[in-house]
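Content type PDB, C-alpha atoms, from the file protein11.pdb:
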```
ATOM      1  CA  MET A 118      33.705 -33.914 -42.197
ATOM      2  CA  LYS A 119      30.290 -33.741 -43.871
ATOM      3  CA  LYS A 120      29.177 -36.650 -41.709
ATOM      4  CA  TYR A 121      30.001 -34.714 -38.497
ATOM      5  CA  ILE A 122      28.246 -31.586 -39.736
ATOM      6  CA  LEU A 123      25.164 -33.654 -40.566
ATOM      7  CA  ILE A 124      25.199 -35.256 -37.096
ATOM      8  CA  ILE A 125      25.544 -31.843 -35.429
ATOM      9  CA  LEU A 126      22.649 -30.468 -37.497
ATOM     10  CA  ILE A 127      20.460 -33.440 -36.561
ATOM     11  CA  ILE A 128      21.280 -32.979 -32.864
ATOM     12  CA  LEU A 129      20.507 -29.265 -33.104
ATOM     13  CA  ALA A 130      17.227 -29.963 -34.903
ATOM     14  CA  ILE A 131      16.192 -32.471 -32.239
ATOM     15  CA  GLY A 132      17.138 -29.997 -29.500
ATOM     16  CA  ILE A 133      15.227 -27.139 -31.096
ATOM     17  CA  PHE A 134      12.199 -29.346 -31.762
ATOM     18  CA  GLY A 135      12.286 -30.609 -28.180
ATOM     19  CA  TYR A 136      12.591 -27.086 -26.795
ATOM     20  CA  PHE A 137       9.583 -25.815 -28.752
ATOM     21  CA  LYS A 138       7.549 -28.900 -27.957
ATOM     22  CA  ILE A 139       8.209 -28.446 -24.218
ATOM     23  CA  SER A 140       7.687 -24.663 -24.398
ATOM     24  CA  HIS A 141       4.426 -25.170 -26.276
ATOM     25  CA  LYS A 142       3.123 -27.533 -23.611
ATOM     26  CA  ILE A 143       4.001 -25.075 -20.864
ATOM     27  CA  ILE A 144       2.319 -22.193 -22.678
ATOM     28  CA  VAL A 145      -0.831 -24.190 -23.355
ATOM     29  CA  VAL A 146      -1.148 -25.217 -19.707
ATOM     30  CA  ASN A 147      -0.524 -21.692 -18.391
ATOM     31  CA  LEU A 148      -3.004 -20.064 -20.747
ATOM     32  CA  ASN A 149      -5.871 -22.450 -20.142
ATOM     33  CA  PRO A 150      -8.203 -20.618 -17.713
ATOM     34  CA  ALA A 151     -10.364 -23.695 -17.217
ATOM     35  CA  THR A 152      -7.491 -25.577 -15.559
ATOM     36  CA  SER A 153      -5.673 -22.648 -13.966
ATOM     37  CA  GLN A 154      -5.722 -22.677 -10.170
ATOM     38  CA  VAL A 155      -5.472 -18.899 -10.168
ATOM     39  CA  ALA A 156      -8.534 -18.572 -12.377
ATOM     40  CA  SER A 157     -10.493 -21.081 -10.316
ATOM     41  CA  SER A 158      -9.547 -19.469  -6.973
ATOM     42  CA  TRP A 159     -10.281 -15.885  -8.020
ATOM     43  CA  GLY A 160     -13.717 -15.048  -6.676
ATOM     44  CA  SER A 161     -13.894 -18.243  -4.602
ATOM     45  CA  PRO A 162     -15.257 -18.060  -1.037
ATOM     46  CA  GLU A 163     -11.682 -18.309   0.310
ATOM     47  CA  TYR A 164     -10.511 -15.511  -2.008
ATOM     48  CA  ASN A 165     -13.472 -13.289  -1.099
ATOM     49  CA  LYS A 166     -13.041 -13.928   2.633
ATOM     50  CA  ASN A 167      -9.376 -12.908   2.553
ATOM     51  CA  LEU A 168      -9.960  -9.912   0.311
ATOM     52  CA  ASN A 169     -12.851  -8.612   2.434
ATOM     53  CA  GLU A 170     -10.753  -8.968   5.594
ATOM     54  CA  LEU A 171      -7.876  -7.054   3.984
ATOM     55  CA  LEU A 172     -10.203  -4.292   2.746
ATOM     56  CA  SER A 173     -11.652  -4.035   6.241
ATOM     57  CA  VAL A 174      -8.123  -3.406   7.542
ATOM     58  CA  VAL A 175      -7.753  -0.569   5.011
ATOM     59  CA  ASN A 176     -10.981   1.021   6.207
ATOM     60  CA  THR A 177     -10.547   0.515   9.948
ATOM     61  CA  GLN A 178      -6.770   0.988  10.172
ATOM     62  CA  ASN A 179      -4.629   1.843   7.161
ATOM     63  CA  PRO A 180      -3.378   0.394   3.851
ATOM     64  CA  HIS A 181       0.147  -0.238   5.144
ATOM     65  CA  ILE A 182      -1.172  -2.627   7.775
ATOM     66  CA  ALA A 183      -3.337  -4.308   5.116
ATOM     67  CA  LEU A 184      -0.290  -4.772   2.853
ATOM     68  CA  GLN A 185       1.689  -6.224   5.765
ATOM     69  CA  GLU A 186      -1.149  -8.649   6.428
ATOM     70  CA  LEU A 187      -1.301  -9.533   2.724
ATOM     71  CA  ALA A 188       2.423 -10.320   2.744
ATOM     72  CA  LYS A 189       2.005 -12.449   5.876
ATOM     73  CA  ARG A 190      -0.953 -14.391   4.432
ATOM     74  CA  MET A 191       0.962 -15.071   1.224
ATOM     75  CA  THR A 192       3.314 -17.310   3.190
ATOM     76  CA  THR A 193       0.552 -19.555   4.513
ATOM     77  CA  ASN A 194      -2.378 -19.300   2.087
ATOM     78  CA  GLU A 195      -2.032 -20.589  -1.481
ATOM     79  CA  ILE A 196      -5.038 -18.634  -2.776
ATOM     80  CA  VAL A 197      -3.679 -15.366  -1.373
ATOM     81  CA  PHE A 198      -0.250 -16.172  -2.805
ATOM     82  CA  GLN A 199      -1.700 -16.862  -6.274
ATOM     83  CA  ASN A 200      -3.799 -13.690  -6.254
ATOM     84  CA  CYS A 201      -1.619 -11.265  -4.298
ATOM     85  CA  HIS A 202      -1.175  -8.758  -7.149
ATOM     86  CA  VAL A 203      -4.927  -8.557  -7.772
ATOM     87  CA  MET A 204      -5.576  -8.230  -4.037
ATOM     88  CA  ALA A 205      -2.978  -5.467  -3.761
ATOM     89  CA  HIS A 206      -4.784  -3.640  -6.606
ATOM     90  CA  ALA A 207      -8.007  -3.843  -4.594
ATOM     91  CA  ILE A 208      -6.254  -2.546  -1.460
ATOM     92  CA  GLY A 209      -4.928   0.402  -3.496
ATOM     93  CA  ARG A 210      -8.368   1.245  -4.911
ATOM     94  CA  ALA A 211      -9.925   1.045  -1.435
ATOM     95  CA  ALA A 212      -7.187   3.277  -0.033
ATOM     96  CA  TYR A 213      -7.751   5.916  -2.706
ATOM     97  CA  LYS A 214     -11.485   5.783  -2.049
ATOM     98  CA  LYS A 215     -10.792   6.274   1.673
ATOM     99  CA  TYR A 216      -8.339   9.194   1.373
ATOM    100  CA  GLN A 217      -9.374  10.743  -1.985
ATOM    101  CA  ASP A 218      -5.845  12.155  -2.262
ATOM    102  CA  PHE A 219      -3.168  10.573  -4.452
ATOM    103  CA  ASP A 220      -0.139  11.780  -2.466
ATOM    104  CA  ALA A 221      -1.679  10.903   0.899
ATOM    105  CA  THR A 222      -2.597   7.438  -0.350
ATOM    106  CA  LEU A 223       0.917   6.821  -1.675
ATOM    107  CA  GLN A 224       2.371   7.398   1.794
ATOM    108  CA  TYR A 225       1.318   3.809   2.538
ATOM    109  CA  GLN A 226       2.781   2.358  -0.655
ATOM    110  CA  ASP A 227       5.217  -0.506  -0.793
ATOM    111  CA  THR A 228       6.138  -2.995  -3.483
ATOM    112  CA  THR A 229       4.266  -5.979  -2.043
ATOM    113  CA  CYS A 230       3.042  -8.147  -4.901
ATOM    114  CA  SER A 231       4.812  -6.309  -7.723
ATOM    115  CA  ASP A 232       3.459  -2.822  -7.092
ATOM    116  CA  GLY A 233      -0.167  -3.955  -7.125
ATOM    117  CA  TYR A 234      -0.981  -1.305  -4.511
ATOM    118  CA  LEU A 235       0.374   1.509  -6.690
ATOM    119  CA  HIS A 236      -1.577   0.205  -9.684
ATOM    120  CA  GLY A 237      -4.752   0.112  -7.596
ATOM    121  CA  VAL A 238      -4.237   3.646  -6.268
ATOM    122  CA  ILE A 239      -3.862   4.913  -9.827
ATOM    123  CA  GLU A 240      -6.970   2.950 -10.855
ATOM    124  CA  GLY A 241      -8.852   4.650  -8.018
ATOM    125  CA  LYS A 242      -7.586   8.066  -9.075
ATOM    126  CA  PHE A 243      -8.521   7.559 -12.724
ATOM    127  CA  THR A 244     -11.940   6.162 -11.811
ATOM    128  CA  SER A 245     -12.702   9.510 -10.162
ATOM    129  CA  LEU A 246     -11.939  11.528 -13.320
ATOM    130  CA  LYS A 247     -14.891  12.795 -15.314
ATOM    131  CA  ASN A 248     -13.584  13.374 -18.836
ATOM    132  CA  THR A 249     -10.802  12.485 -21.237
ATOM    133  CA  GLN A 250      -9.087  15.866 -21.012
ATOM    134  CA  ARG A 251      -8.766  15.440 -17.230
ATOM    135  CA  ALA A 252      -7.181  12.016 -17.837
ATOM    136  CA  VAL A 253      -4.708  13.504 -20.324
ATOM    137  CA  ASP A 254      -3.879  16.324 -17.888
ATOM    138  CA  GLU A 255      -3.427  13.849 -15.048
ATOM    139  CA  LEU A 256      -0.950  11.808 -17.116
ATOM    140  CA  LYS A 257       1.337  14.838 -17.358
ATOM    141  CA  THR A 258       1.869  15.088 -13.595
ATOM    142  CA  ILE A 259       0.765  11.939 -11.793
ATOM    143  CA  CYS A 260       4.169  10.224 -11.963
ATOM    144  CA  SER A 261       6.329  13.343 -11.612
ATOM    145  CA  LYS A 262       6.939  12.886  -7.866
ATOM    146  CA  TYR A 263       7.325   9.139  -8.048
ATOM    147  CA  THR A 264      10.900   7.823  -7.760
ATOM    148  CA  TYR A 265      10.295   4.785  -9.952
ATOM    149  CA  ALA A 266       8.499   6.423 -12.858
ATOM    150  CA  ASP A 267       8.403   3.199 -14.935
ATOM    151  CA  ARG A 268       6.230   1.533 -12.301
ATOM    152  CA  CYS A 269       3.982   4.553 -12.142
ATOM    153  CA  TRP A 270       3.664   4.847 -15.926
ATOM    154  CA  HIS A 271       2.687   1.171 -16.051
ATOM    155  CA  GLY A 272       0.086   1.875 -13.372
ATOM    156  CA  THR A 273      -1.393   4.668 -15.490
ATOM    157  CA  GLY A 274      -2.174   2.030 -18.107
ATOM    158  CA  HIS A 275      -4.162   0.150 -15.457
ATOM    159  CA  GLY A 276      -5.860   3.385 -14.433
ATOM    160  CA  LEU A 277      -6.791   4.233 -17.998
ATOM    161  CA  MET A 278      -8.333   0.801 -18.489
ATOM    162  CA  PHE A 279     -10.592   1.585 -15.504
ATOM    163  CA  PHE A 280     -11.266   5.096 -16.807
ATOM    164  CA  THR A 281     -12.218   3.836 -20.284
ATOM    165  CA  ASP A 282     -14.217   0.883 -18.962
ATOM    166  CA  ASN A 283     -11.706  -1.559 -20.507
ATOM    167  CA  ASN A 284     -11.703   0.125 -23.912
ATOM    168  CA  LEU A 285      -8.133  -0.771 -24.900
ATOM    169  CA  PRO A 286      -7.930   1.377 -28.081
ATOM    170  CA  LYS A 287      -9.156   4.437 -26.167
ATOM    171  CA  ALA A 288      -6.779   3.758 -23.244
ATOM    172  CA  LEU A 289      -3.853   3.385 -25.651
ATOM    173  CA  SER A 290      -4.757   6.586 -27.457
ATOM    174  CA  ILE A 291      -4.606   8.437 -24.134
ATOM    175  CA  CYS A 292      -1.303   6.683 -23.277
ATOM    176  CA  ASN A 293       0.028   8.013 -26.565
ATOM    177  CA  THR A 294      -0.327  11.578 -25.264
ATOM    178  CA  TYR A 295       2.769  11.048 -23.099
ATOM    179  CA  SER A 296       5.641  13.038 -24.591
ATOM    180  CA  LEU A 297       8.282  10.498 -23.487
ATOM    181  CA  SER A 298       8.411   7.335 -25.588
ATOM    182  CA  ARG A 299       9.345   5.259 -22.513
ATOM    183  CA  ALA A 300       6.238   6.516 -20.700
ATOM    184  CA  ARG A 301       4.050   5.641 -23.711
ATOM    185  CA  GLU A 302       5.541   2.148 -23.851
ATOM    186  CA  ARG A 303       5.120   1.444 -20.132
ATOM    187  CA  CYS A 304       1.581   2.871 -20.090
TER     188      CYS A 304
END
```
Translate this file's structure into structure tokens.
Amino acid sequence: MKKYILIILIILAIGIFGYFKISHKIIVVNLNPATSQVASSWGSPEYNKNLNELLSVVNTQNPHIALQELAKRMTTNEIVFQNCHVMAHAIGRAAYKKYQDFDATLQYQDTTCSDGYLHGVIEGKFTSLKNTQRAVDELKTICSKYTYADRCWHGTGHGLMFFTDNNLPKALSICNTYSLSRARERC
């Protein structure tokens, strides 16, 4: 009986070791910005060309059409596919700049690229705020009309990073003014 237990333990140890060895390799590859295709394509001429064309659609037509075009390009363009969330953020910021009204800008919202548009709209809104108290006040109401509050609360974290010029401790301290623990966590 002891022999079987020992064999089972050895098999488990080999399996666990193998799992962590494989997982470690995957993590190392994915976190290496020098070899990441996403990192190397972001800001490339192809990336910039597509992004500028999409932002032009926002300005000359509307954000919904730009998001539809983004979704279409994702199916045929690897760089757009790899960077769709970031591009959707940019479309959202451009839309807020165009309309200067949060509710009006959200009329064009959809979930293309994991709510990147919503995150960008909130970034645009928070970029326009002038002081910390305004940011705290905005947190209290900005997601109140939004059906999927979790997505909105997460977007406020993006917006606060823009507002604080990427000062994470300051952004988190403002996130902590949410009264709901779930909102604080998502922010």
Proximity to Phe219 in chain A - best of A:Thr249, A:Ser296, A:Thr258, A:Asn200, only C-alpha atoms: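 Of A:Thr249, A:Ser296, A:Thr258, A:Asn200, the one nearest Phe219 in chain A is A:Thr258, counting only C-alpha atoms.
The nearest approach to His271 in chain A among the residues A:Met191, A:Ala300, A:Ala212, A:Leu171, with all atoms listed in the file taken into account, belongs to A:Ala300.
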Which residues, named as in the file, does the PyMOL selection byres ((chain A and resi 177-189) around 7) pick out? Answer as an MDAnalysis selection string. chainID A and resid 171 173:176 190:192 208 212 225:226 229
Point (1.2, -12.3, -6.7) neighbourhood (9 Å, only C-alpha atoms) written as a JSON list (two decimals) with C-alpha atoms, in the coordinates of the input:
```
[["chain", "number", "residue", "atom", "x", "y", "z"],
["A", 191, "MET", "CA", 0.96, -15.07, 1.22],
["A", 197, "VAL", "CA", -3.68, -15.37, -1.37],
["A", 198, "PHE", "CA", -0.25, -16.17, -2.80],
["A", 199, "GLN", "CA", -1.70, -16.86, -6.27],
["A", 200, "ASN", "CA", -3.80, -13.69, -6.25],
["A", 201, "CYS", "CA", -1.62, -11.26, -4.30],
["A", 202, "HIS", "CA", -1.18, -8.76, -7.15],
["A", 203, "VAL", "CA", -4.93, -8.56, -7.77],
["A", 204, "MET", "CA", -5.58, -8.23, -4.04],
["A", 205, "ALA", "CA", -2.98, -5.47, -3.76],
["A", 229, "THR", "CA", 4.27, -5.98, -2.04],
["A", 230, "CYS", "CA", 3.04, -8.15, -4.90],
["A", 231, "SER", "CA", 4.81, -6.31, -7.72],
["A", 233, "GLY", "CA", -0.17, -3.96, -7.12]]
```
If we count only C-alpha atoms and set the cut-off at 12 Å, which residues sit around range 220-222 of chain A, ignoring sequence neighbours fewer than 3 positions away in its own chain? Please answer as a VMD selection string. chain A and resid 175 179 to 181 208 to 217 225 to 227 234 to 239 241 to 242 258 to 263
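Counting from CA of Leu277 in chain A, the distance to CA of Ser161 in chain A is 27.1 Å.
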Please write C-alpha atoms of range 249-268 of chain A, from the structure given just now, as an mmCIF file, in the first residue's frame.
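Output below, filename decode-v3.cif:
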```cif
data_model
loop_
_atom_site.group_PDB
_atom_site.id
_atom_site.type_symbol
_atom_site.label_atom_id
_atom_site.label_comp_id
_atom_site.auth_asym_id
_atom_site.auth_seq_id
_atom_site.Cartn_x
_atom_site.Cartn_y
_atom_site.Cartn_z
ATOM 1 C CA THR A 249 -9.935 66.543 -6.807
ATOM 2 C CA GLN A 250 -13.236 67.498 -5.186
ATOM 3 C CA ARG A 251 -14.890 67.578 -8.627
ATOM 4 C CA ALA A 252 -13.498 64.080 -9.283
ATOM 5 C CA VAL A 253 -14.875 62.814 -5.964
ATOM 6 C CA ASP A 254 -18.263 64.412 -6.702
ATOM 7 C CA GLU A 255 -18.300 62.916 -10.189
ATOM 8 C CA LEU A 256 -17.675 59.422 -8.782
ATOM 9 C CA LYS A 257 -20.909 59.650 -6.794
ATOM 10 C CA THR A 258 -23.111 60.008 -9.880
ATOM 11 C CA ILE A 259 -21.265 59.070 -13.057
ATOM 12 C CA CYS A 260 -22.296 55.397 -12.990
ATOM 13 C CA SER A 261 -25.774 55.869 -11.508
ATOM 14 C CA LYS A 262 -27.578 55.709 -14.874
ATOM 15 C CA TYR A 263 -25.412 52.961 -16.280
ATOM 16 C CA THR A 264 -27.007 49.491 -16.406
ATOM 17 C CA TYR A 265 -23.737 47.624 -15.933
ATOM 18 C CA ALA A 266 -22.292 49.566 -13.020
ATOM 19 C CA ASP A 267 -19.283 47.217 -12.629
ATOM 20 C CA ARG A 268 -18.055 48.167 -16.096
#
```
